[in-house]
file final24.txt (compact mmCIF, C-alpha atoms and all ligand atoms)
# COMPACT_ATOMS: atom_id res chain seq x y z
CA THR A 1 65.48 130.72 111.37
CA ALA A 2 65.34 128.41 114.36
CA PRO A 3 68.32 126.13 114.86
CA GLY A 4 66.06 123.17 114.03
CA ALA A 5 64.06 124.79 111.25
CA HIS A 6 65.25 122.40 108.60
CA GLU A 7 62.98 121.31 105.78
CA ALA A 8 59.96 119.59 107.27
CA THR A 9 59.79 115.92 106.46
CA GLU A 10 56.53 114.38 105.32
CA ALA A 11 55.87 112.39 108.46
CA GLY A 12 52.61 111.34 110.02
CA ARG A 13 49.23 112.95 109.41
CA LYS A 14 48.37 116.03 107.41
CA VAL A 15 47.62 119.12 109.47
CA THR A 16 46.27 122.27 107.79
CA LYS A 17 43.60 123.57 110.15
CA VAL A 18 44.33 123.99 113.84
CA GLY A 19 42.17 124.81 116.86
CA VAL A 20 43.68 126.66 119.83
CA VAL A 21 41.65 126.71 123.06
CA GLY A 22 42.40 129.53 125.50
CA SER A 23 42.97 133.27 125.41
CA GLY A 24 45.84 133.83 127.86
CA THR A 25 49.48 134.70 127.20
CA MET A 26 50.44 131.25 125.88
CA ALA A 27 47.28 130.74 123.79
CA ASN A 28 47.73 134.13 122.09
CA GLY A 29 51.39 133.47 121.36
CA ILE A 30 50.60 130.03 119.92
CA ILE A 31 47.75 131.35 117.75
CA GLU A 32 50.22 133.91 116.36
CA VAL A 33 52.84 131.22 115.68
CA PHE A 34 50.41 129.01 113.71
CA ALA A 35 48.90 131.91 111.78
CA LYS A 36 52.33 133.24 110.76
CA ALA A 37 53.35 129.76 109.59
CA GLY A 38 50.35 129.59 107.23
CA TYR A 39 47.90 127.44 109.19
CA GLU A 40 44.22 128.23 109.37
CA VAL A 41 43.37 128.74 113.05
CA VAL A 42 40.12 128.50 114.99
CA ALA A 43 40.79 130.31 118.27
CA VAL A 44 38.26 129.39 120.96
CA ALA A 45 37.95 131.68 123.99
CA ARG A 46 35.38 131.73 126.79
CA GLY A 47 33.13 134.46 125.43
CA THR A 48 33.27 137.30 122.92
CA GLU A 49 34.99 139.73 125.30
CA LYS A 50 37.95 137.39 125.78
CA SER A 51 38.02 136.76 122.01
CA ALA A 52 38.23 140.49 121.35
CA ARG A 53 41.06 140.87 123.85
CA SER A 54 42.92 137.95 122.28
CA ARG A 55 42.56 139.51 118.82
CA ASP A 56 43.90 142.86 120.17
CA LYS A 57 46.90 141.20 121.85
CA ILE A 58 47.83 139.22 118.73
CA THR A 59 47.41 142.28 116.52
CA ALA A 60 49.68 144.29 118.84
CA SER A 61 52.32 141.55 118.81
CA LEU A 62 52.23 141.26 115.01
CA ASN A 63 52.50 145.06 114.76
CA LYS A 64 55.57 144.91 117.00
CA ALA A 65 57.10 142.32 114.66
CA VAL A 66 56.45 144.71 111.72
CA VAL A 67 58.08 147.62 113.57
CA ARG A 68 61.11 145.39 114.29
CA GLY A 69 61.39 144.49 110.62
CA LYS A 70 60.58 140.80 111.27
CA LEU A 71 57.33 140.78 109.30
CA SER A 72 55.92 142.68 106.30
CA GLU A 73 52.58 144.48 106.61
CA SER A 74 51.04 142.15 104.05
CA ASP A 75 52.25 139.06 105.96
CA ARG A 76 50.77 140.53 109.15
CA ASP A 77 47.42 141.03 107.41
CA ALA A 78 47.55 137.53 105.92
CA ALA A 79 48.32 136.03 109.35
CA LEU A 80 45.40 137.87 110.97
CA GLY A 81 43.16 136.78 108.09
CA ARG A 82 43.90 133.12 108.85
CA VAL A 83 42.50 133.32 112.40
CA ASN A 84 38.82 132.89 113.16
CA TRP A 85 37.88 133.73 116.75
CA SER A 86 35.04 131.79 118.26
CA ALA A 87 33.35 131.37 121.64
CA SER A 88 32.24 127.78 120.99
CA LEU A 89 34.14 124.50 121.08
CA ASP A 90 31.62 123.21 118.52
CA ASP A 91 33.59 125.16 115.89
CA LEU A 92 36.43 122.62 116.30
CA GLY A 93 34.50 119.91 114.40
CA ASP A 94 36.71 120.03 111.29
CA VAL A 95 40.20 120.90 112.59
CA ASP A 96 43.14 118.46 112.26
CA LEU A 97 44.81 119.37 115.56
CA VAL A 98 43.67 121.03 118.77
CA VAL A 99 46.19 122.78 121.05
CA GLU A 100 44.84 123.33 124.55
CA ALA A 101 46.28 126.32 126.44
CA ILE A 102 43.79 126.91 129.26
CA VAL A 103 44.22 127.21 133.03
CA GLU A 104 46.64 124.75 134.72
CA GLU A 105 43.97 122.84 136.64
CA LEU A 106 43.67 119.13 136.11
CA SER A 107 39.89 118.78 136.54
CA ILE A 108 39.26 121.62 134.05
CA LYS A 109 41.71 120.22 131.51
CA LYS A 110 40.25 116.71 131.83
CA ALA A 111 36.73 118.03 131.27
CA LEU A 112 37.94 119.89 128.17
CA PHE A 113 39.66 116.79 126.75
CA ALA A 114 36.50 114.71 127.31
CA ASN A 115 34.57 117.44 125.50
CA LEU A 116 37.05 117.59 122.60
CA ASP A 117 36.79 113.80 122.30
CA GLU A 118 33.06 114.21 121.59
CA ILE A 119 33.42 117.15 119.21
CA CYS A 120 36.51 116.38 117.11
CA LYS A 121 36.54 114.08 114.09
CA PRO A 122 38.51 110.80 114.27
CA GLY A 123 42.26 111.07 113.61
CA VAL A 124 42.60 114.53 115.15
CA ILE A 125 45.59 115.06 117.43
CA LEU A 126 44.77 116.60 120.79
CA ALA A 127 47.71 118.46 122.34
CA THR A 128 48.08 120.06 125.74
CA THR A 129 50.53 122.88 126.49
CA THR A 130 50.62 122.03 130.18
CA SER A 131 53.86 122.79 131.97
CA SER A 132 52.91 121.27 135.32
CA LEU A 133 50.46 118.41 134.88
CA PRO A 134 50.98 114.83 133.65
CA VAL A 135 49.97 114.67 129.98
CA VAL A 136 48.72 111.09 130.45
CA GLU A 137 45.89 112.48 132.59
CA CYS A 138 44.56 114.39 129.56
CA ALA A 139 45.05 111.29 127.40
CA ILE A 140 42.95 109.01 129.59
CA ALA A 141 40.14 111.59 129.75
CA THR A 142 39.50 110.66 126.08
CA ASN A 143 38.74 107.46 124.18
CA ARG A 144 41.74 108.15 121.92
CA PRO A 145 44.80 108.24 124.20
CA ALA A 146 47.11 107.30 121.28
CA ASP A 147 46.27 110.69 119.68
CA VAL A 148 47.03 112.82 122.77
CA ILE A 149 50.41 114.50 123.26
CA GLY A 150 52.10 117.42 125.03
CA MET A 151 53.34 120.46 123.10
CA HIS A 152 55.17 122.60 125.63
CA PHE A 153 55.87 126.04 124.16
CA PHE A 154 57.99 128.67 125.90
CA ASN A 155 57.13 132.21 126.82
CA PRO A 156 57.10 134.38 124.69
CA ALA A 157 55.93 131.75 122.20
CA PRO A 158 56.46 133.82 119.04
CA ILE A 159 60.14 134.31 119.91
CA MET A 160 61.25 131.21 121.81
CA ASN A 161 62.16 128.49 119.33
CA LEU A 162 61.81 125.38 121.48
CA VAL A 163 58.85 123.02 121.79
CA GLU A 164 59.10 120.09 124.17
CA VAL A 165 57.13 117.24 122.60
CA VAL A 166 55.90 115.30 125.60
CA ARG A 167 55.17 111.65 125.05
CA PRO A 168 52.94 109.84 127.56
CA ILE A 169 53.17 106.06 127.45
CA ARG A 170 49.97 105.59 125.44
CA THR A 171 50.85 108.03 122.61
CA SER A 172 51.43 106.48 119.16
CA ASP A 173 54.63 106.83 117.11
CA GLU A 174 52.55 108.40 114.33
CA THR A 175 51.27 111.12 116.67
CA VAL A 176 54.82 111.91 117.80
CA ALA A 177 56.10 111.98 114.18
CA THR A 178 53.25 114.29 113.11
CA ILE A 179 53.90 116.77 115.91
CA ARG A 180 57.67 116.73 115.37
CA SER A 181 57.33 117.62 111.72
CA LEU A 182 54.62 120.18 112.54
CA CYS A 183 57.02 121.91 114.97
CA GLU A 184 59.63 122.10 112.22
CA ASN A 185 57.03 123.71 109.93
CA LEU A 186 56.45 126.30 112.67
CA GLY A 187 60.19 127.10 112.72
CA LYS A 188 60.53 125.53 116.16
CA TYR A 189 63.04 122.95 117.37
CA PRO A 190 61.21 119.90 118.79
CA VAL A 191 62.76 117.97 121.69
CA VAL A 192 60.95 114.73 122.50
CA CYS A 193 60.84 113.91 126.19
CA ALA A 194 59.08 111.69 128.71
CA ASP A 195 55.97 112.69 130.63
CA ARG A 196 57.86 113.51 133.81
CA ALA A 197 57.54 116.54 136.10
CA GLY A 198 59.18 119.58 134.50
CA PHE A 199 60.01 117.74 131.27
CA VAL A 200 63.59 118.88 130.40
CA VAL A 201 63.70 122.65 130.74
CA ASN A 202 61.62 123.23 133.85
CA ALA A 203 63.19 120.28 135.68
CA LEU A 204 66.52 122.10 135.34
CA LEU A 205 65.27 125.71 135.51
CA PHE A 206 62.91 125.69 138.47
CA PRO A 207 65.22 124.40 141.20
CA TYR A 208 67.42 127.39 140.28
CA LEU A 209 64.50 129.86 140.36
CA ASN A 210 63.30 128.46 143.70
CA ASP A 211 66.82 128.80 145.13
CA ALA A 212 66.92 132.44 144.01
CA ILE A 213 63.71 133.12 145.96
CA ARG A 214 65.22 131.43 149.02
CA MET A 215 68.26 133.69 148.72
CA VAL A 216 65.98 136.74 148.99
CA GLU A 217 64.02 135.17 151.86
CA THR A 218 67.17 134.59 153.86
CA SER A 219 68.55 138.10 153.08
CA TYR A 220 71.46 136.49 151.26
CA ALA A 221 71.21 139.15 148.53
CA GLU A 222 68.73 141.64 147.02
CA ALA A 223 66.51 140.52 144.12
CA ASP A 224 67.95 143.25 141.86
CA ASP A 225 71.50 142.15 142.61
CA ILE A 226 70.68 138.47 142.00
CA ASP A 227 69.17 139.41 138.61
CA TYR A 228 72.28 141.42 137.71
CA ALA A 229 74.54 138.62 138.92
CA MET A 230 72.95 136.01 136.66
CA LYS A 231 72.73 138.33 133.64
CA LEU A 232 76.27 139.66 133.91
CA GLY A 233 77.83 136.53 135.36
CA CYS A 234 76.19 133.92 133.12
CA GLY A 235 74.96 135.91 130.14
CA TYR A 236 71.32 135.00 130.81
CA PRO A 237 68.88 137.33 128.99
CA MET A 238 66.81 137.75 132.16
CA GLY A 239 67.59 137.31 135.84
CA PRO A 240 65.52 134.84 137.91
CA PHE A 241 63.08 137.44 139.28
CA GLU A 242 62.50 139.02 135.88
CA LEU A 243 61.85 135.57 134.46
CA LEU A 244 59.51 134.54 137.30
CA ASP A 245 57.41 137.66 136.65
CA VAL A 246 57.25 136.83 132.93
CA VAL A 247 56.34 133.16 133.49
CA GLY A 248 53.74 134.06 136.16
CA LEU A 249 54.06 133.21 139.83
CA ASP A 250 50.95 131.00 139.82
CA VAL A 251 52.36 128.94 136.94
CA SER A 252 55.76 128.88 138.65
CA LEU A 253 54.24 127.64 141.91
CA ALA A 254 52.31 124.89 140.08
CA ILE A 255 55.51 123.69 138.40
CA GLN A 256 57.52 123.82 141.62
CA ARG A 257 54.82 121.84 143.48
CA GLU A 258 54.77 119.18 140.75
CA LEU A 259 58.57 118.81 140.88
CA TYR A 260 58.41 118.42 144.64
CA ASN A 261 55.51 115.93 144.49
CA GLU A 262 57.26 113.73 141.97
CA LEU A 263 60.87 113.93 143.14
CA ARG A 264 60.50 114.62 146.89
CA GLU A 265 63.79 116.50 147.03
CA PRO A 266 63.50 118.66 150.20
CA GLY A 267 65.06 121.64 148.39
CA PHE A 268 62.31 121.46 145.74
CA ALA A 269 59.57 122.45 148.23
CA PRO A 270 58.20 125.78 146.97
CA ALA A 271 59.78 128.75 148.75
CA PRO A 272 57.21 130.18 151.23
CA LEU A 273 57.61 133.66 149.68
CA LEU A 274 56.42 132.28 146.33
CA GLU A 275 53.33 130.79 147.98
CA GLN A 276 52.61 134.08 149.77
CA LEU A 277 52.95 136.25 146.66
CA VAL A 278 50.53 133.97 144.80
CA THR A 279 48.04 134.09 147.69
CA ALA A 280 48.35 137.88 147.68
CA GLY A 281 47.44 137.95 144.00
CA TYR A 282 50.87 139.13 142.87
CA LEU A 283 50.98 136.84 139.86
CA GLY A 284 53.58 138.66 137.77
CA ARG A 285 53.58 140.85 134.72
CA LYS A 286 50.16 139.69 133.51
CA VAL A 287 48.46 141.40 136.49
CA GLY A 288 50.90 144.31 136.79
CA ARG A 289 52.62 143.04 139.94
CA GLY A 290 54.82 140.11 140.90
CA PHE A 291 58.27 140.36 142.46
CA ARG A 292 58.30 143.78 140.78
CA ASP A 293 55.69 146.44 140.13
CA HIS A 294 54.87 146.49 136.39
CA SER A 295 51.86 148.79 136.61
CA ARG A 296 53.67 151.83 135.21
N1 LIG A 301 57.59 139.10 116.87
C1 LIG A 301 58.72 138.58 116.30
N2 LIG A 301 59.95 138.85 116.74
C2 LIG A 301 60.09 139.68 117.78
C3 LIG A 301 58.97 140.27 118.42
C4 LIG A 301 57.68 139.94 117.91
N3 LIG A 301 56.55 140.42 118.45
N4 LIG A 301 59.41 141.02 119.43
C5 LIG A 301 60.75 140.91 119.44
N5 LIG A 301 61.16 140.10 118.46
C6 LIG A 301 62.52 139.67 118.15
C7 LIG A 301 63.47 140.82 118.04
O1 LIG A 301 63.48 141.38 116.75
C8 LIG A 301 64.79 140.16 118.37
O2 LIG A 301 65.28 139.39 117.28
P1 LIG A 301 66.79 139.59 116.76
O3 LIG A 301 67.67 139.28 117.92
O4 LIG A 301 66.89 138.60 115.62
O5 LIG A 301 66.86 141.01 116.32
C9 LIG A 301 64.40 139.15 119.43
O6 LIG A 301 63.02 138.90 119.23
C10 LIG A 301 64.65 139.67 120.83
O7 LIG A 301 63.97 140.90 120.96
P2 LIG A 301 64.57 142.14 121.76
O8 LIG A 301 66.05 142.21 121.51
O9 LIG A 301 63.75 143.35 121.57
O10 LIG A 301 64.19 141.73 123.19
P3 LIG A 301 65.10 141.39 124.38
O11 LIG A 301 66.53 141.41 124.15
O12 LIG A 301 64.50 142.21 125.47
O13 LIG A 301 64.71 139.87 124.57
C11 LIG A 301 63.42 138.05 125.24
C12 LIG A 301 63.40 139.51 124.89
C13 LIG A 301 63.69 137.24 123.98
C14 LIG A 301 62.04 137.69 125.80
C15 LIG A 301 64.56 137.80 126.26
O14 LIG A 301 64.39 138.66 127.32
C16 LIG A 301 64.60 136.39 126.76
O15 LIG A 301 65.09 135.49 126.07
N6 LIG A 301 64.11 136.18 127.99
C17 LIG A 301 64.06 134.87 128.60
C18 LIG A 301 62.82 134.17 128.17
C19 LIG A 301 62.76 132.79 128.71
O16 LIG A 301 63.69 132.24 129.29
N7 LIG A 301 61.60 132.18 128.51
C20 LIG A 301 61.37 130.83 128.96
C21 LIG A 301 60.61 130.89 130.23
S1 LIG A 301 60.29 129.27 130.85
C22 LIG A 301 58.87 128.82 130.07
O17 LIG A 301 58.29 129.53 129.29
C23 LIG A 301 58.35 127.48 130.40
C24 LIG A 301 57.10 127.58 131.21
O18 LIG A 301 56.59 126.28 131.39
C25 LIG A 301 57.33 128.20 132.55

call {"tool": "encode", "arguments": {"input": "final24.txt", "output": "structure tokens", "more": "lines below"}}
Ligand code: 3HC
result
Amino acid sequence: TAPGAHEATEAGRKVTKVGVVGSGTMANGIIEVFAKAGYEVVAVARGTEKSARSRDKITASLNKAVVRGKLSESDRDAALGRVNWSASLDDLGDVDLVVEAIVEELSIKKALFANLDEICKPGVILATTTSSLPVVECAIATNRPADVIGMHFFNPAPIMNLVEVVRPIRTSDETVATIRSLCENLGKYPVVCADRAGFVVNALLFPYLNDAIRMVETSYAEADDIDYAMKLGCGYPMGPFELLDVVGLDVSLAIQRELYNELREPGFAPAPLLEQLVTAGYLGRKVGRGFRDHSR
């Protein structure tokens, strides 16, 4: 169990049916987390092809959990049975919570939140998983800013037991209490934090990752050696370049830019090599190539 997976307290609103919007790495992980915890899930992707791919990815991940002895076959089947894949936001009319995990682009997220505001019944909590944008921007795109909150999951979501519960200034205490107790029901440890660039984890993690890239740029050390140094020297499960490839270089660049924009620390300016790899399309493991080649 997660360090914070104590008995959930009855706080806030009742949540039994959840919508997840998106079909990328984070969306799939989050759908899996909710389904395993017993929630009914409506998973909305952009089209039937993306839905089918999302279903395949989640099935593969649940199968891996079975092979590792973390999940029984019947629990896997029950989890899959709780997910309904859809290609239409209109299917979110009767959910109690929507978790948005789409592309990290403000205009697209704002349009989605305005749309959800029209579709969802009153009292629904609208959560964003953004790691690089101000949550308050999503809140003010709706007529219900008190019901909008950040739920920042970590990658890989089925394994990482932290959720940063991000509280913009217009969010109600009841919304925060509901999401905290929901996280505990998911077996995750909720940490409430302010709507500031990087929240807690990325504000501490990304300056380190950016510095690692600068070390390679300036021929200070090889990427492989830096990864070994941090794993063997600090006991980290992954070195900085392994982690950057897992997180995605596009997502990493967006976070680094946001830290720099908000804090203006000269050392927080994204390393040019990161910008160039993103421009080149080397986005990390998800496309088969980032700092390392993952195609084989
Ligand atoms: N379902 C359930 N459990 C699974 C699983 C699955 N599909 N796959 C693996 N597991 C379990 C394993 O059984 C094991 O549990 P155990 O220790 O109780 O036996 C545990 O997960 C670890 O699995 P492995 O030992 O096989 O895997 P590794 O040792 O290779 O660890 C890792 C994998 C957990 C991903 C580890 O490499 C790690 O912790 N990496 C760092 C990840 C990290 O820092 N993520 C945060 C990135 S920052 C972020 O996301 C924020 C964003 O905004 C950028």

call {"tool": "closest_residue", "arguments": {"input": "final24.txt", "among": "A:Ala87, A:Leu274, A:Ala65, A:Ala35", "to": "Val18 (chain A)", "atoms": "all atoms listed in the file"}}
result
A:Ala35

call {"tool": "residues_near_ligand", "arguments": {"input": "final24.txt", "ligand": "ligand LIG 301 (chain A)", "cutoff": "6 Å", "atoms": "only C-alpha atoms and all ligand atoms", "output": "ChimeraX atom specification"}}
result
/A:61-62,64-65,68,70,131,154-155,158-159,237-238,247

call {"tool": "residues_near_point", "arguments": {"input": "final24.txt", "point": "(44.8, 132.1, 133.6)", "cutoff": "7 Å", "atoms": "only C-alpha atoms", "output": "PyMOL selection string"}}
result
chain A and resi 24+102-103

call {"tool": "residues_around", "arguments": {"input": "final24.txt", "residues": "Cys193 (chain A)", "least_positions_apart": "3", "cutoff": "8 Å", "atoms": "all atoms listed in the file", "output": "number ranges by chain"}}
result
A: 164-167, 199-200

call {"tool": "atom_distance", "arguments": {"input": "final24.txt", "atom1": "CA of Ser51 (chain A)", "atom2": "CA of Thr178 (chain A)"}}
result
28.6 Å

call {"tool": "residues_around", "arguments": {"input": "final24.txt", "residues": "Ser88 (chain A)", "least_positions_apart": "6", "cutoff": "9 Å", "atoms": "all atoms listed in the file", "output": "list in words"}}
result
Val44, Ala45, Arg46 and Gly47 of chain A

call {"tool": "write_last_selection", "arguments": {"input": "final24.txt", "atoms": "C-alpha atoms", "output": "tab-separated table (two decimals), in the frame of the given file"}}
result
chain	number	residue	atom	x	y	z
A	44	VAL	CA	38.26	129.39	120.96
A	45	ALA	CA	37.95	131.68	123.99
A	46	ARG	CA	35.38	131.73	126.79
A	47	GLY	CA	33.13	134.46	125.43

call {"tool": "residues_around", "arguments": {"input": "final24.txt", "residues": "Ser23 (chain A)", "least_positions_apart": "4", "cutoff": "6 Å", "atoms": "only C-alpha atoms", "output": "list in words"}}
result
Ala27, Asn28, Ala45 and Ser54 of chain A

call {"tool": "atom_distance", "arguments": {"input": "final24.txt", "atom1": "CA of Cys120 (chain A)", "atom2": "CA of Leu92 (chain A)"}}
result
6.3 Å

call {"tool": "residues_near_point", "arguments": {"input": "final24.txt", "point": "(53.6, 114.9, 120.4)", "cutoff": "8 Å", "atoms": "all atoms listed in the file", "output": "list in words"}}
result
Ala127, Val148, Ile149, Gly150, Met151, Val165, Val166, Arg167, Thr171, Thr175, Val176, Ala177, Thr178, Ile179, Arg180 and Val192 of chain A

call {"tool": "write_last_selection", "arguments": {"input": "final24.txt", "atoms": "C-alpha atoms", "output": "PDB file, in the frame of the given file"}}
result
ATOM      1  CA  ALA A 127      47.710 118.460 122.340  1.00  0.00           C
ATOM      2  CA  VAL A 148      47.030 112.820 122.770  1.00  0.00           C
ATOM      3  CA  ILE A 149      50.410 114.500 123.260  1.00  0.00           C
ATOM      4  CA  GLY A 150      52.100 117.420 125.030  1.00  0.00           C
ATOM      5  CA  MET A 151      53.340 120.460 123.100  1.00  0.00           C
ATOM      6  CA  VAL A 165      57.130 117.240 122.600  1.00  0.00           C
ATOM      7  CA  VAL A 166      55.900 115.300 125.600  1.00  0.00           C
ATOM      8  CA  ARG A 167      55.170 111.650 125.050  1.00  0.00           C
ATOM      9  CA  THR A 171      50.850 108.030 122.610  1.00  0.00           C
ATOM     10  CA  THR A 175      51.270 111.120 116.670  1.00  0.00           C
ATOM     11  CA  VAL A 176      54.820 111.910 117.800  1.00  0.00           C
ATOM     12  CA  ALA A 177      56.100 111.980 114.180  1.00  0.00           C
ATOM     13  CA  THR A 178      53.250 114.290 113.110  1.00  0.00           C
ATOM     14  CA  ILE A 179      53.900 116.770 115.910  1.00  0.00           C
ATOM     15  CA  ARG A 180      57.670 116.730 115.370  1.00  0.00           C
ATOM     16  CA  VAL A 192      60.950 114.730 122.500  1.00  0.00           C
TER      17      VAL A 192
END

call {"tool": "residues_around", "arguments": {"input": "final24.txt", "residues": "Ile169 (chain A)", "least_positions_apart": "5", "cutoff": "12 Å", "atoms": "all atoms listed in the file", "output": "VMD selection string"}}
result
chain A and resid 134 to 137 139 to 140 145 to 150 176 193 to 196

call {"tool": "atom_distance", "arguments": {"input": "final24.txt", "atom1": "CA of Ile213 (chain A)", "atom2": "CA of Ala229 (chain A)"}}
result
14.0 Å

call {"tool": "closest_residue", "arguments": {"input": "final24.txt", "among": "A:Gly69, A:Gly281, A:Gly81, A:Gly288", "to": "Gly38 (chain A)", "atoms": "only C-alpha atoms"}}
result
A:Gly81

call {"tool": "closest_residue", "arguments": {"input": "final24.txt", "among": "A:Val163, A:Thr59, A:Leu182, A:Pro240", "to": "Met215 (chain A)", "atoms": "only C-alpha atoms"}}
result
A:Pro240

call {"tool": "residues_around", "arguments": {"input": "final24.txt", "residues": "region 249-262 of chain A", "least_positions_apart": "3", "cutoff": "10 Å", "atoms": "all atoms listed in the file", "output": "JSON, numbers by chain"}}
result
{"A": [103, 104, 105, 130, 131, 132, 133, 134, 196, 197, 198, 199, 202, 203, 206, 207, 209, 210, 241, 243, 244, 245, 246, 265, 266, 267, 268, 269, 270, 271, 274, 275, 277, 278, 279, 281, 282, 283, 284, 285, 286, 289, 290, 291]}

call {"tool": "closest_residue", "arguments": {"input": "final24.txt", "among": "A:Thr142, A:Asn185, A:Ser172, A:Asn84", "to": "Glu118 (chain A)", "atoms": "only C-alpha atoms"}}
result
A:Thr142
